[in-house]
$ cat query-v7.tsv   # TSV, C-alpha atoms
chain	number	residue	atom	x	y	z
A	5	MET	CA	74.91	2.15	81.48
A	6	THR	CA	72.01	3.44	83.49
A	7	ALA	CA	69.50	1.50	85.56
A	8	LEU	CA	65.98	0.84	84.34
A	9	PRO	CA	63.19	3.32	84.96
A	10	THR	CA	60.90	2.40	87.84
A	11	ASN	CA	57.96	1.52	85.58
A	12	TRP	CA	59.63	-1.70	84.40
A	13	ALA	CA	57.83	-4.84	85.55
A	14	ASN	CA	60.75	-6.76	87.02
A	15	ASN	CA	62.53	-3.58	88.21
A	16	VAL	CA	65.96	-5.21	88.06
A	17	GLY	CA	69.00	-3.17	87.21
A	18	MET	CA	69.71	-4.31	83.69
A	19	SER	CA	71.70	-2.13	81.35
A	20	VAL	CA	70.07	0.39	79.01
A	21	ASP	CA	71.28	-1.67	76.06
A	22	ALA	CA	69.25	-4.62	77.26
A	23	ALA	CA	66.40	-2.25	78.07
A	24	PHE	CA	66.56	-0.93	74.54
A	25	LEU	CA	66.26	-4.46	73.17
A	26	ASN	CA	63.19	-4.97	75.35
A	27	LEU	CA	61.73	-1.73	74.03
A	28	LEU	CA	61.94	-3.27	70.59
A	29	GLY	CA	59.98	-6.26	71.87
A	30	GLY	CA	62.76	-8.83	72.13
A	31	ASN	CA	63.57	-10.55	75.42
A	32	VAL	CA	67.25	-10.93	76.24
A	33	ASN	CA	66.36	-13.79	78.54
A	34	ALA	CA	63.47	-14.83	80.77
A	35	ALA	CA	64.36	-12.23	83.43
A	36	TYR	CA	63.73	-9.30	81.11
A	37	VAL	CA	60.17	-8.25	80.46
A	38	LEU	CA	58.44	-5.40	78.70
A	39	PRO	CA	57.47	-2.30	80.66
A	40	VAL	CA	54.16	-2.06	82.50
A	41	GLY	CA	51.70	0.31	80.87
A	42	GLY	CA	53.63	0.79	77.66
A	43	ILE	CA	56.81	2.67	76.80
A	44	THR	CA	57.06	6.31	77.71
A	45	SER	CA	58.70	8.49	75.08
A	46	SER	CA	61.28	9.74	77.57
A	47	ASP	CA	62.30	6.15	78.41
A	48	LEU	CA	62.61	5.31	74.73
A	49	ALA	CA	64.60	8.47	73.98
A	50	ALA	CA	66.96	7.79	76.90
A	51	ALA	CA	67.48	4.19	75.79
A	52	VAL	CA	68.18	5.22	72.20
A	53	VAL	CA	70.59	7.98	73.21
A	54	ALA	CA	72.47	5.70	75.60
A	55	SER	CA	72.58	2.85	73.09
A	56	LEU	CA	73.96	5.12	70.39
A	57	GLY	CA	76.49	6.62	72.76
A	58	ARG	CA	75.24	10.14	72.08
A	59	ALA	CA	74.15	12.33	74.97
A	60	ASP	CA	72.91	15.28	72.94
A	61	THR	CA	69.52	14.51	71.39
A	62	ALA	CA	69.29	18.05	70.02
A	63	MET	CA	72.47	17.45	68.04
A	64	GLN	CA	71.03	14.23	66.62
A	65	ALA	CA	67.95	16.08	65.38
A	66	ALA	CA	70.14	18.79	63.82
A	67	ASP	CA	72.29	16.14	62.09
A	68	ILE	CA	69.21	14.46	60.64
A	69	ALA	CA	67.70	17.76	59.49
A	70	ALA	CA	70.94	18.86	57.82
A	71	ALA	CA	71.19	15.57	55.91
A	72	GLN	CA	67.79	16.20	54.34
A	73	TYR	CA	68.84	19.35	52.47
A	74	ALA	CA	71.01	19.68	49.38
A	75	VAL	CA	74.19	21.64	49.94
A	76	ILE	CA	75.09	23.68	46.87
A	77	ASN	CA	78.59	24.06	45.46
A	78	ALA	CA	78.27	27.02	43.06
A	79	GLN	CA	80.65	27.14	40.06
A	80	THR	CA	81.02	29.49	37.09
A	81	VAL	CA	83.82	27.78	35.10
A	82	SER	CA	84.87	24.24	34.21
A	83	TYR	CA	85.27	22.21	37.38
A	84	THR	CA	86.77	18.93	38.59
A	85	LEU	CA	84.73	17.10	41.20
A	86	ALA	CA	86.20	16.91	44.71
A	87	LEU	CA	85.56	14.66	47.69
A	88	THR	CA	83.69	17.55	49.32
A	89	ASP	CA	81.05	17.26	46.56
A	90	VAL	CA	79.73	13.91	47.86
A	91	SER	CA	75.93	14.16	48.27
A	92	LYS	CA	75.96	17.79	47.09
A	93	SER	CA	74.57	19.71	44.15
A	94	VAL	CA	77.21	21.29	41.89
A	95	GLU	CA	75.39	24.20	40.23
A	96	VAL	CA	77.18	25.70	37.26
A	97	ASN	CA	76.17	29.21	36.19
A	98	SER	CA	77.98	30.05	32.96
A	99	ALA	CA	77.00	31.69	29.69
A	100	THR	CA	79.42	29.40	27.80
A	101	VAL	CA	79.98	25.64	27.61
A	102	VAL	CA	81.72	24.15	30.66
A	103	ASN	CA	83.13	20.75	31.55
A	104	VAL	CA	82.62	18.96	34.84
A	105	THR	CA	85.38	16.37	35.12
A	106	VAL	CA	85.09	13.13	37.08
A	107	PRO	CA	88.62	12.48	38.40
A	108	PRO	CA	90.17	9.01	38.61
A	109	ASN	CA	89.95	7.10	41.87
A	110	SER	CA	93.72	7.47	42.28
A	111	SER	CA	93.24	11.25	42.55
A	112	VAL	CA	89.95	11.43	44.45
A	113	ALA	CA	88.78	8.24	46.15
A	114	PHE	CA	85.02	8.73	46.15
A	115	PRO	CA	83.32	5.81	47.92
A	116	VAL	CA	81.43	3.45	45.61
A	117	GLY	CA	77.80	4.55	45.78
A	118	THR	CA	78.66	8.26	45.89
A	119	MET	CA	75.94	10.44	44.40
A	120	ILE	CA	76.48	13.98	43.09
A	121	GLU	CA	74.00	16.21	41.30
A	122	VAL	CA	75.19	18.60	38.55
A	123	VAL	CA	72.83	21.41	37.50
A	124	GLN	CA	73.07	23.82	34.55
A	125	ILE	CA	71.96	27.18	36.00
A	126	GLY	CA	73.17	29.40	33.14
A	127	ALA	CA	72.86	29.17	29.35
A	128	GLY	CA	76.17	27.28	29.00
A	129	GLN	CA	75.75	23.56	28.46
A	130	ILE	CA	77.60	21.21	30.85
A	131	THR	CA	79.55	18.25	29.53
A	132	ILE	CA	80.52	15.45	31.94
A	133	VAL	CA	84.14	14.55	31.16
A	134	ALA	CA	85.82	11.33	32.28
A	135	GLY	CA	89.25	11.79	33.83
A	136	ALA	CA	92.17	9.49	32.93
A	137	GLY	CA	91.09	5.86	33.35
A	138	VAL	CA	87.49	6.78	34.27
A	139	THR	CA	84.44	5.39	32.47
A	140	VAL	CA	81.34	7.56	32.43
A	141	ASN	CA	78.14	6.02	31.04
A	142	PRO	CA	76.78	7.30	28.78
A	143	THR	CA	80.05	8.60	27.39
A	144	SER	CA	78.60	11.76	25.87
A	145	ALA	CA	76.62	13.00	28.87
A	146	LYS	CA	75.60	16.66	28.48
A	147	THR	CA	72.84	18.76	29.96
A	148	ARG	CA	70.01	19.45	27.53
A	149	VAL	CA	69.02	23.03	28.39
A	150	GLN	CA	69.26	25.63	31.14
A	151	TRP	CA	67.93	24.17	34.44
A	152	SER	CA	68.71	20.60	33.38
A	153	SER	CA	70.22	18.40	36.06
A	154	LEU	CA	72.34	15.29	35.89
A	155	GLY	CA	72.82	12.70	38.60
A	156	LEU	CA	76.22	11.01	38.89
A	157	ARG	CA	76.58	7.75	40.81
A	158	LYS	CA	79.83	5.88	41.32
A	159	ARG	CA	79.24	2.19	40.48
A	160	ALA	CA	82.79	0.83	40.78
A	161	THR	CA	86.33	2.08	41.33
A	162	ASN	CA	86.50	4.15	38.13
A	163	THR	CA	83.00	3.69	36.72
A	164	TRP	CA	80.21	6.27	36.96
A	165	LEU	CA	76.61	6.32	35.78
A	166	VAL	CA	75.03	9.58	34.60
A	167	THR	CA	71.26	9.99	34.56
A	168	GLY	CA	68.98	12.97	34.05
A	169	ASP	CA	67.97	15.58	31.51
A	170	MET	CA	70.60	14.93	28.80
A	171	ALA	CA	71.00	16.26	25.28

$ encode --input "query-v7.tsv" --output "structure tokens"
Amino acid sequence: MTALPTNWANNVGMSVDAAFLNLLGGNVNAAYVLPVGGITSSDLAAAVVASLGRADTAMQAADIAAAQYAVINAQTVSYTLALTDVSKSVEVNSATVVNVTVPPNSSVAFPVGTMIEVVQIGAGQITIVAGAGVTVNPTSAKTRVQWSSLGLRKRATNTWLVTGDMA
């Protein structure tokens, strides 16, 4: 923990965690007060970094930026989803029909709430196939045409919902 910046009204050496709470406007107790003249951005950044236990603010920004972009897993043949597909876009470029299989939880333990996008890039229609013991709703989920996309969301241990541009 680091001491408070000198612009704090009571100028006592409380921890950054307590300082961070004050930055949010909550008093830990009567001895803690809000800063004089407002909160400087450097004080706020330092309090946030210290409170999160991360010293590299540049890395935090990079992590946030990376999470805002879809990572593409390109396929050309039938494919079984893998744990590495979580929050990704599986793009299938095939001239013929292909299956994308949702494996059972016993094989691939996707967390409940997992979301995966499946996109038909080529002319070949994609059929979402339920692995052994898996329920996919609707049961006959297929892409409609080239450039159609389907969203898969895991609702329970072996239950998935498919939404999107279906045939």

$ residues_around --input "query-v7.tsv" --residues "Trp151 (chain A)" --least-positions-apart "6" --cutoff "9 Å" --atoms "only C-alpha atoms" --output "ChimeraX atom specification"
/A:123-127

$ residues_near_point --input "query-v7.tsv" --point "(77.1, 25.1, 45.7)" --cutoff "10 Å" --atoms "all atoms listed in the file" --output "list in words"
Ala74, Val75, Ile76, Asn77, Ala78, Gln79, Asp89, Lys92, Ser93, Val94, Glu95, Val96, Val122 and Val123 of chain A

$ atom_distance --input "query-v7.tsv" --atom1 "CA of Val81 (chain A)" --atom2 "CA of Val133 (chain A)"
13.8 Å

$ atom_distance --input "query-v7.tsv" --atom1 "CA of Lys158 (chain A)" --atom2 "CA of Gly128 (chain A)"
25.0 Å

$ atom_distance --input "query-v7.tsv" --atom1 "CA of Ile132 (chain A)" --atom2 "CA of Pro108 (chain A)"
13.4 Å

$ closest_residue --input "query-v7.tsv" --among "A:Leu165, A:Met170, A:Val106, A:Val112" --to "Ile130 (chain A)" --atoms "all atoms listed in the file"
A:Met170

$ residues_around --input "query-v7.tsv" --residues "Pro115 (chain A)" --least-positions-apart "3" --cutoff "9 Å" --atoms "all atoms listed in the file" --output "VMD selection string"
chain A and resid 90 118 158 160 to 161

$ build_atoms --input "query-v7.tsv" --residues "region 138-161 of chain A" --atoms "N, CA and C atoms" --output "PDB file, keeping the file's coordinate frame"
ATOM      1  N   VAL A 138      88.865   6.783  33.766  1.00  0.00           N
ATOM      2  CA  VAL A 138      87.490   6.780  34.270  1.00  0.00           C
ATOM      3  C   VAL A 138      86.533   6.458  33.126  1.00  0.00           C
ATOM      4  N   THR A 139      85.515   5.661  33.420  1.00  0.00           N
ATOM      5  CA  THR A 139      84.440   5.390  32.470  1.00  0.00           C
ATOM      6  C   THR A 139      83.186   6.064  32.980  1.00  0.00           C
ATOM      7  N   VAL A 140      82.607   6.899  32.121  1.00  0.00           N
ATOM      8  CA  VAL A 140      81.340   7.560  32.430  1.00  0.00           C
ATOM      9  C   VAL A 140      80.324   7.057  31.421  1.00  0.00           C
ATOM     10  N   ASN A 141      79.201   6.546  31.916  1.00  0.00           N
ATOM     11  CA  ASN A 141      78.140   6.020  31.040  1.00  0.00           C
ATOM     12  C   ASN A 141      76.866   6.809  31.230  1.00  0.00           C
ATOM     13  N   PRO A 142      76.289   7.343  30.150  1.00  0.00           N
ATOM     14  CA  PRO A 142      76.780   7.300  28.780  1.00  0.00           C
ATOM     15  C   PRO A 142      77.992   8.212  28.595  1.00  0.00           C
ATOM     16  N   THR A 143      78.782   7.906  27.587  1.00  0.00           N
ATOM     17  CA  THR A 143      80.050   8.600  27.390  1.00  0.00           C
ATOM     18  C   THR A 143      79.907  10.042  26.938  1.00  0.00           C
ATOM     19  N   SER A 144      78.779  10.393  26.369  1.00  0.00           N
ATOM     20  CA  SER A 144      78.600  11.760  25.870  1.00  0.00           C
ATOM     21  C   SER A 144      77.556  12.521  26.693  1.00  0.00           C
ATOM     22  N   ALA A 145      77.619  12.393  27.997  1.00  0.00           N
ATOM     23  CA  ALA A 145      76.620  13.000  28.870  1.00  0.00           C
ATOM     24  C   ALA A 145      76.749  14.521  28.879  1.00  0.00           C
ATOM     25  N   LYS A 146      75.663  15.193  28.492  1.00  0.00           N
ATOM     26  CA  LYS A 146      75.600  16.660  28.480  1.00  0.00           C
ATOM     27  C   LYS A 146      74.223  17.073  28.962  1.00  0.00           C
ATOM     28  N   THR A 147      74.155  18.230  29.602  1.00  0.00           N
ATOM     29  CA  THR A 147      72.840  18.760  29.960  1.00  0.00           C
ATOM     30  C   THR A 147      72.124  19.183  28.684  1.00  0.00           C
ATOM     31  N   ARG A 148      70.808  19.137  28.719  1.00  0.00           N
ATOM     32  CA  ARG A 148      70.010  19.450  27.530  1.00  0.00           C
ATOM     33  C   ARG A 148      69.800  20.946  27.378  1.00  0.00           C
ATOM     34  N   VAL A 149      69.329  21.597  28.435  1.00  0.00           N
ATOM     35  CA  VAL A 149      69.020  23.030  28.390  1.00  0.00           C
ATOM     36  C   VAL A 149      69.279  23.642  29.766  1.00  0.00           C
ATOM     37  N   GLN A 150      69.145  24.956  29.846  1.00  0.00           N
ATOM     38  CA  GLN A 150      69.260  25.630  31.140  1.00  0.00           C
ATOM     39  C   GLN A 150      68.252  25.001  32.109  1.00  0.00           C
ATOM     40  N   TRP A 151      68.674  24.785  33.331  1.00  0.00           N
ATOM     41  CA  TRP A 151      67.930  24.170  34.440  1.00  0.00           C
ATOM     42  C   TRP A 151      67.888  22.652  34.353  1.00  0.00           C
ATOM     43  N   SER A 152      68.604  22.061  33.405  1.00  0.00           N
ATOM     44  CA  SER A 152      68.710  20.600  33.380  1.00  0.00           C
ATOM     45  C   SER A 152      69.622  20.152  34.510  1.00  0.00           C
ATOM     46  N   SER A 153      69.344  18.957  35.026  1.00  0.00           N
ATOM     47  CA  SER A 153      70.220  18.400  36.060  1.00  0.00           C
ATOM     48  C   SER A 153      70.618  16.981  35.693  1.00  0.00           C
ATOM     49  N   LEU A 154      71.809  16.627  36.116  1.00  0.00           N
ATOM     50  CA  LEU A 154      72.340  15.290  35.890  1.00  0.00           C
ATOM     51  C   LEU A 154      72.716  14.690  37.243  1.00  0.00           C
ATOM     52  N   GLY A 155      72.418  13.410  37.392  1.00  0.00           N
ATOM     53  CA  GLY A 155      72.820  12.700  38.600  1.00  0.00           C
ATOM     54  C   GLY A 155      74.000  11.801  38.276  1.00  0.00           C
ATOM     55  N   LEU A 156      75.060  11.878  39.065  1.00  0.00           N
ATOM     56  CA  LEU A 156      76.220  11.010  38.890  1.00  0.00           C
ATOM     57  C   LEU A 156      76.274  10.050  40.061  1.00  0.00           C
ATOM     58  N   ARG A 157      76.462   8.754  39.759  1.00  0.00           N
ATOM     59  CA  ARG A 157      76.580   7.750  40.810  1.00  0.00           C
ATOM     60  C   ARG A 157      77.764   6.846  40.512  1.00  0.00           C
ATOM     61  N   LYS A 158      78.639   6.720  41.484  1.00  0.00           N
ATOM     62  CA  LYS A 158      79.830   5.880  41.320  1.00  0.00           C
ATOM     63  C   LYS A 158      79.419   4.417  41.502  1.00  0.00           C
ATOM     64  N   ARG A 159      79.635   3.601  40.466  1.00  0.00           N
ATOM     65  CA  ARG A 159      79.240   2.190  40.480  1.00  0.00           C
ATOM     66  C   ARG A 159      80.383   1.255  40.826  1.00  0.00           C
ATOM     67  N   ALA A 160      81.599   1.652  40.507  1.00  0.00           N
ATOM     68  CA  ALA A 160      82.790   0.830  40.780  1.00  0.00           C
ATOM     69  C   ALA A 160      83.974   1.780  40.869  1.00  0.00           C
ATOM     70  N   THR A 161      85.153   1.252  41.075  1.00  0.00           N
ATOM     71  CA  THR A 161      86.330   2.080  41.330  1.00  0.00           C
ATOM     72  C   THR A 161      86.476   3.260  40.387  1.00  0.00           C
TER      73      THR A 161
END
